[in-house]
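Novice: First, the structure itself, so that you have it in front of you.
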Amino acid sequence: MPSLKDLRNRISSVKATQKITKAMQMVAAAKLRRAQESAEAARPYSQRMSAVLANLSASVDSEDAPALMTGTGREDTHLLICCTAERGLCGGFNSSIAKKTREDARALQGEGKTVKILCVGKKGYDILRREFADIIIDRIDMREVKNVGFADADAIGKRVIALFEEGAFDVATLYYSEFKSVISQIPKGQRIIPAADAAEEAETGSSSIYEYEPDASAILEDLVPRNISVQIFRALLENAASEQGARMTAMDNATRNAGEMIDKLTLSYNRQRQAQITKELIEIISGAEAL
Amino acid sequence: MAEGFNFELVSPERLLVSAQVTEVVVPGMNGYFTVLANHAPTMSTLQPGVAEVTETSGKAEKFVIFGGFVDVTPESCTLLAESAMRVDDIDREDLRQRIQDAREDLEDAGDEQARTKAQGYLDQLTTLEKAILPA
């Protein structure tokens, strides 16, 4: 049975924790709004980009298209790019992305393919290295980055393209968490190389009458790498919004749990205090009676 | 009054302009060109330079563009810039940094093709610096 002092200590420590989780929740809410705004601001660019890309790929022969677009013709080596957060305490956010990556990696390995993993963000690396330490080829730290800028995504994109040109992999898939709402974030895998699959999904409009400067395949060559950076950028922004959303929910729950715990502890504290008063009274009374 | 058309300037971070305009001058890969309403459908990559936008109200604005591409149709013009900002907002330090980066890229360039590309980019940047930042 804990003493009164122990209970008091516990209550005050839970109260302190509650204050922290409450503060984290509010910070996450503020950051979420900003992250959501920047994710929305980036949307027009990626939409236009895919429209233009669809237009272009319709008018360029597949033989002229760059390898990034059509792939290497093989599907032996897969690169999984796992984008996670730098910080924990955000519910199942990091682990659900890592889980999805892990499942797909296992499935691909089961099919006899070679799998390589590129980790963006610290948490995904921490989770995945336990199982896949030998196939994680690189990790990119985003610790220094406060607000994700296009330059950050571009750096990752260039890295991926350089790997592709070295022939390090045939297919690249990007793993991130899609932001549906504050309470729902869905881990997603999206194939970014070869890009042809992605472009086919988009509607092809009137394309044949375009004039190209310098020429269609040159534009495509310029555009496809940029598109990869844009996709990564979008994933990072979605991730940023999802992370804050997940953290907000997690911290809200934590605050509520702490509240319940305080109530319970206060109840048993009061009960014990009462018991002690009663005990002392009995001692006094029985002492007086003995006289 | 000249006929207006829809113009959008988008960078990955945000939508900078979405307005009815009468005239846009863009820094195409093969030289500057002007887009008016009912322009033939064109798609072009861009070099670093200044895009000049004249809105239907007659208000003119200038934007610095660092690479990207433009998609022109008879009724609209969409400029997707890798990075863009208003000329007034440009920061000398930022531009210098970019030139510095371009120089480093040039030094790192492995083969002839990459070197030519990096050199071209650097030249465009220095021209741009001279044009918008009179010493």
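Lettering and numbering for the structure tokens are positional, with chains as A, B, ... in the shown order, residues counted from 1 in each chain, and ligands counted from 1 in the shown order.
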Give the residues of chain A that lie within 12 Å of chain B; count only C-alpha atoms, and format the answer as number ranges by chain.
Specialist: A: 35, 37-53, 55-56, 147-154, 205-227, 229-234, 237
Novice: Could you pull the residues within 10 Å of B:Lys117, counting only C-alpha atoms, minus those fewer than 6 positions along the same chain, as number ranges by chain?
Specialist: B: 105-106, 109, 123
Novice: Residues of stretch 120-243 of chain A classed as helix (DSSP H, G or I) by DSSP on the backbone are to be reported as a PDB file with C-alpha atoms, in the first residue's frame.
Specialist:
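That gives us result_32.pdb:
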```pdb
ATOM      1  CA  LYS A 122      15.520   8.741 -38.587  1.00  0.00           C
ATOM      2  CA  LYS A 123      12.604   6.795 -37.163  1.00  0.00           C
ATOM      3  CA  GLY A 124      12.075   4.536 -40.126  1.00  0.00           C
ATOM      4  CA  TYR A 125      15.737   3.663 -40.090  1.00  0.00           C
ATOM      5  CA  ASP A 126      15.598   2.839 -36.383  1.00  0.00           C
ATOM      6  CA  ILE A 127      12.735   0.436 -36.927  1.00  0.00           C
ATOM      7  CA  LEU A 128      13.908  -1.167 -40.147  1.00  0.00           C
ATOM      8  CA  ARG A 129      17.559  -1.649 -39.284  1.00  0.00           C
ATOM      9  CA  ARG A 130      16.716  -4.427 -36.826  1.00  0.00           C
ATOM     10  CA  GLU A 131      15.597  -6.649 -39.671  1.00  0.00           C
ATOM     11  CA  PHE A 132      17.098  -5.210 -42.799  1.00  0.00           C
ATOM     12  CA  PHE A 150      11.546  21.790 -52.626  1.00  0.00           C
ATOM     13  CA  ALA A 151      15.328  21.890 -52.470  1.00  0.00           C
ATOM     14  CA  ASP A 152      15.315  19.076 -49.879  1.00  0.00           C
ATOM     15  CA  ALA A 153      13.085  16.911 -52.029  1.00  0.00           C
ATOM     16  CA  ASP A 154      15.183  17.747 -55.064  1.00  0.00           C
ATOM     17  CA  ALA A 155      18.323  16.571 -53.298  1.00  0.00           C
ATOM     18  CA  ILE A 156      16.691  13.219 -52.539  1.00  0.00           C
ATOM     19  CA  GLY A 157      15.379  13.008 -56.094  1.00  0.00           C
ATOM     20  CA  LYS A 158      18.845  13.622 -57.535  1.00  0.00           C
ATOM     21  CA  ARG A 159      20.259  10.950 -55.246  1.00  0.00           C
ATOM     22  CA  VAL A 160      17.670   8.440 -56.402  1.00  0.00           C
ATOM     23  CA  ILE A 161      18.242   9.272 -60.059  1.00  0.00           C
ATOM     24  CA  ALA A 162      22.012   8.950 -59.624  1.00  0.00           C
ATOM     25  CA  LEU A 163      21.468   5.498 -58.119  1.00  0.00           C
ATOM     26  CA  PHE A 164      19.228   4.596 -61.022  1.00  0.00           C
ATOM     27  CA  GLU A 165      21.804   5.689 -63.552  1.00  0.00           C
ATOM     28  CA  ALA A 196       5.353   5.520 -67.352  1.00  0.00           C
ATOM     29  CA  ASP A 197       2.740   3.772 -65.187  1.00  0.00           C
ATOM     30  CA  ALA A 198       2.041   6.959 -63.312  1.00  0.00           C
ATOM     31  CA  ALA A 199       1.616   8.997 -66.476  1.00  0.00           C
ATOM     32  CA  GLU A 200      -0.771   6.540 -68.042  1.00  0.00           C
ATOM     33  CA  GLU A 201      -3.272   7.029 -65.286  1.00  0.00           C
ATOM     34  CA  ALA A 216       9.490  16.864 -77.217  1.00  0.00           C
ATOM     35  CA  SER A 217      12.029  14.293 -76.121  1.00  0.00           C
ATOM     36  CA  ALA A 218      14.395  16.960 -74.795  1.00  0.00           C
ATOM     37  CA  ILE A 219      11.588  18.423 -72.717  1.00  0.00           C
ATOM     38  CA  LEU A 220      10.662  14.998 -71.491  1.00  0.00           C
ATOM     39  CA  GLU A 221      14.231  14.336 -70.494  1.00  0.00           C
ATOM     40  CA  ASP A 222      14.189  17.498 -68.454  1.00  0.00           C
ATOM     41  CA  LEU A 223      10.765  16.887 -67.047  1.00  0.00           C
ATOM     42  CA  VAL A 224      10.888  13.302 -65.879  1.00  0.00           C
ATOM     43  CA  PRO A 225      13.652  13.786 -63.292  1.00  0.00           C
ATOM     44  CA  ARG A 226      11.873  16.894 -62.090  1.00  0.00           C
ATOM     45  CA  ASN A 227       8.674  14.953 -61.777  1.00  0.00           C
ATOM     46  CA  ILE A 228      10.400  12.482 -59.488  1.00  0.00           C
ATOM     47  CA  SER A 229      11.518  15.306 -57.231  1.00  0.00           C
ATOM     48  CA  VAL A 230       7.988  16.679 -57.264  1.00  0.00           C
ATOM     49  CA  GLN A 231       6.560  13.315 -56.255  1.00  0.00           C
ATOM     50  CA  ILE A 232       9.032  13.056 -53.413  1.00  0.00           C
ATOM     51  CA  PHE A 233       8.263  16.605 -52.378  1.00  0.00           C
ATOM     52  CA  ARG A 234       4.570  15.846 -52.297  1.00  0.00           C
ATOM     53  CA  ALA A 235       5.187  12.708 -50.253  1.00  0.00           C
ATOM     54  CA  LEU A 236       7.273  14.655 -47.764  1.00  0.00           C
ATOM     55  CA  LEU A 237       4.583  17.287 -47.394  1.00  0.00           C
ATOM     56  CA  GLU A 238       1.874  14.680 -46.932  1.00  0.00           C
ATOM     57  CA  ASN A 239       4.109  13.045 -44.380  1.00  0.00           C
ATOM     58  CA  ALA A 240       4.636  16.280 -42.498  1.00  0.00           C
ATOM     59  CA  ALA A 241       0.887  16.852 -42.261  1.00  0.00           C
ATOM     60  CA  SER A 242       0.236  13.226 -41.294  1.00  0.00           C
ATOM     61  CA  GLU A 243       2.907  13.297 -38.627  1.00  0.00           C
TER      62      GLU A 243
END
```
Novice: With a distance cut-off of 10 Å and only C-alpha atoms, select the neighbouring residues of stretch 85-88 of chain B, excluding the residue or stretch itself and same-chain residues fewer than 6 positions from it, and output the selection as a PDB file with C-alpha atoms, in the first residue's frame.
Specialist:
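Result written to result_23.pdb:
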```pdb
ATOM      1  CA  SER B  11       6.355  26.938 -58.076  1.00  0.00           C
ATOM      2  CA  LEU B  16       2.303  32.752 -57.223  1.00  0.00           C
ATOM      3  CA  VAL B  50      12.920  37.226 -65.825  1.00  0.00           C
ATOM      4  CA  ALA B  51       9.284  36.660 -66.770  1.00  0.00           C
ATOM      5  CA  GLU B  52       7.230  39.768 -67.361  1.00  0.00           C
ATOM      6  CA  GLU B  61       4.926  42.548 -62.718  1.00  0.00           C
ATOM      7  CA  LYS B  62       8.299  40.902 -63.056  1.00  0.00           C
ATOM      8  CA  PHE B  63       9.298  37.529 -61.696  1.00  0.00           C
ATOM      9  CA  VAL B  64      12.661  35.866 -61.509  1.00  0.00           C
ATOM     10  CA  ILE B  65      12.458  32.273 -62.677  1.00  0.00           C
ATOM     11  CA  PHE B  66      15.085  29.625 -62.071  1.00  0.00           C
ATOM     12  CA  ILE B 132      18.624  42.493 -62.346  1.00  0.00           C
ATOM     13  CA  LEU B 133      21.211  43.647 -59.893  1.00  0.00           C
TER      14      LEU B 133
END
```
Novice: Could you find all residues in stretch 40-274 of chain A that DSSP calls strand (DSSP E or B) from the backbone, and write them as a ChimeraX atom specification?
Specialist: /A:77-83,114-120,136-140,171-179,185-193,211-213
Novice: Those selected residues, please, written with C-alpha atoms and delivered as a compact mmCIF listing (two decimals), in the first residue's frame.
Specialist:
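The result, stored in selection_20.txt:
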```txt
# COMPACT_ATOMS: atom_id res chain seq x y z
CA THR A 77 16.00 -5.06 -58.10
CA HIS A 78 13.58 -2.94 -56.13
CA LEU A 79 14.40 0.17 -54.22
CA LEU A 80 12.02 1.01 -51.40
CA ILE A 81 12.21 4.60 -50.27
CA CYS A 82 10.81 4.76 -46.78
CA CYS A 83 9.90 8.30 -45.69
CA THR A 114 16.57 -8.16 -54.68
CA VAL A 115 15.39 -5.46 -52.34
CA LYS A 116 17.26 -2.34 -51.31
CA ILE A 117 15.99 0.21 -48.85
CA LEU A 118 16.64 3.92 -48.67
CA CYS A 119 15.51 5.55 -45.44
CA VAL A 120 14.47 9.16 -45.31
CA ILE A 136 19.59 -0.52 -46.19
CA ILE A 137 21.84 1.21 -48.68
CA ASP A 138 21.57 4.71 -47.33
CA ARG A 139 19.74 7.00 -45.00
CA ILE A 140 18.95 10.62 -45.45
CA VAL A 171 12.00 -0.17 -59.85
CA ALA A 172 11.61 2.46 -57.14
CA THR A 173 8.68 2.69 -54.79
CA LEU A 174 8.06 5.57 -52.43
CA TYR A 175 6.51 4.87 -49.02
CA TYR A 176 4.81 7.64 -47.13
CA SER A 177 1.67 8.35 -45.20
CA GLU A 178 -1.20 9.95 -47.01
CA PHE A 179 -3.03 12.59 -45.02
CA GLN A 185 -3.48 8.66 -42.16
CA ILE A 186 -2.98 5.86 -44.59
CA PRO A 187 0.47 4.44 -45.31
CA LYS A 188 0.93 4.20 -49.05
CA GLY A 189 3.39 2.80 -51.52
CA GLN A 190 3.74 4.66 -54.79
CA ARG A 191 5.86 3.59 -57.72
CA ILE A 192 7.93 6.49 -59.05
CA ILE A 193 10.42 4.77 -61.36
CA GLU A 211 4.89 22.92 -80.72
CA TYR A 212 7.87 21.89 -78.68
CA GLU A 213 10.87 23.94 -77.89
```
Novice: Can you pull out the residues contacting stretch 86-92 of chain A? Cut-off 7 Å, using only C-alpha atoms, and skip same-chain residues under 4 positions away; I want them as a PyMOL selection string.
Specialist: chain A and resi 96+121-123+142-143+243+246-247+250
Novice: Report, in Å with one decimal, the straight-line distance from atom CA of A:Ala23 to atom CA of A:Thr266.
Specialist: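 Separation of atom CA of A:Ala23 and atom CA of A:Thr266: 22.7 Å.
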Novice: Just give me the gap between atom CA of B:Ala118 and atom CA of B:Ile99 in Å, one decimal is fine.
Specialist: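 Between these atoms lies a distance of 10.7 Å.
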Novice: Pick out the closest residue to B:Asn6 from this set: B:Thr56, B:Thr22, B:Gln124, B:Ser76. Count only C-alpha atoms.
Specialist: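 Among the listed residues, the smallest separation from B:Asn6 belongs to B:Ser76.
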Novice: Kindly give the distance, in Å, that separates atom CA of A:Asn253 and atom CA of A:Thr21, rounded to a single decimal.
Specialist: 9.0 Å
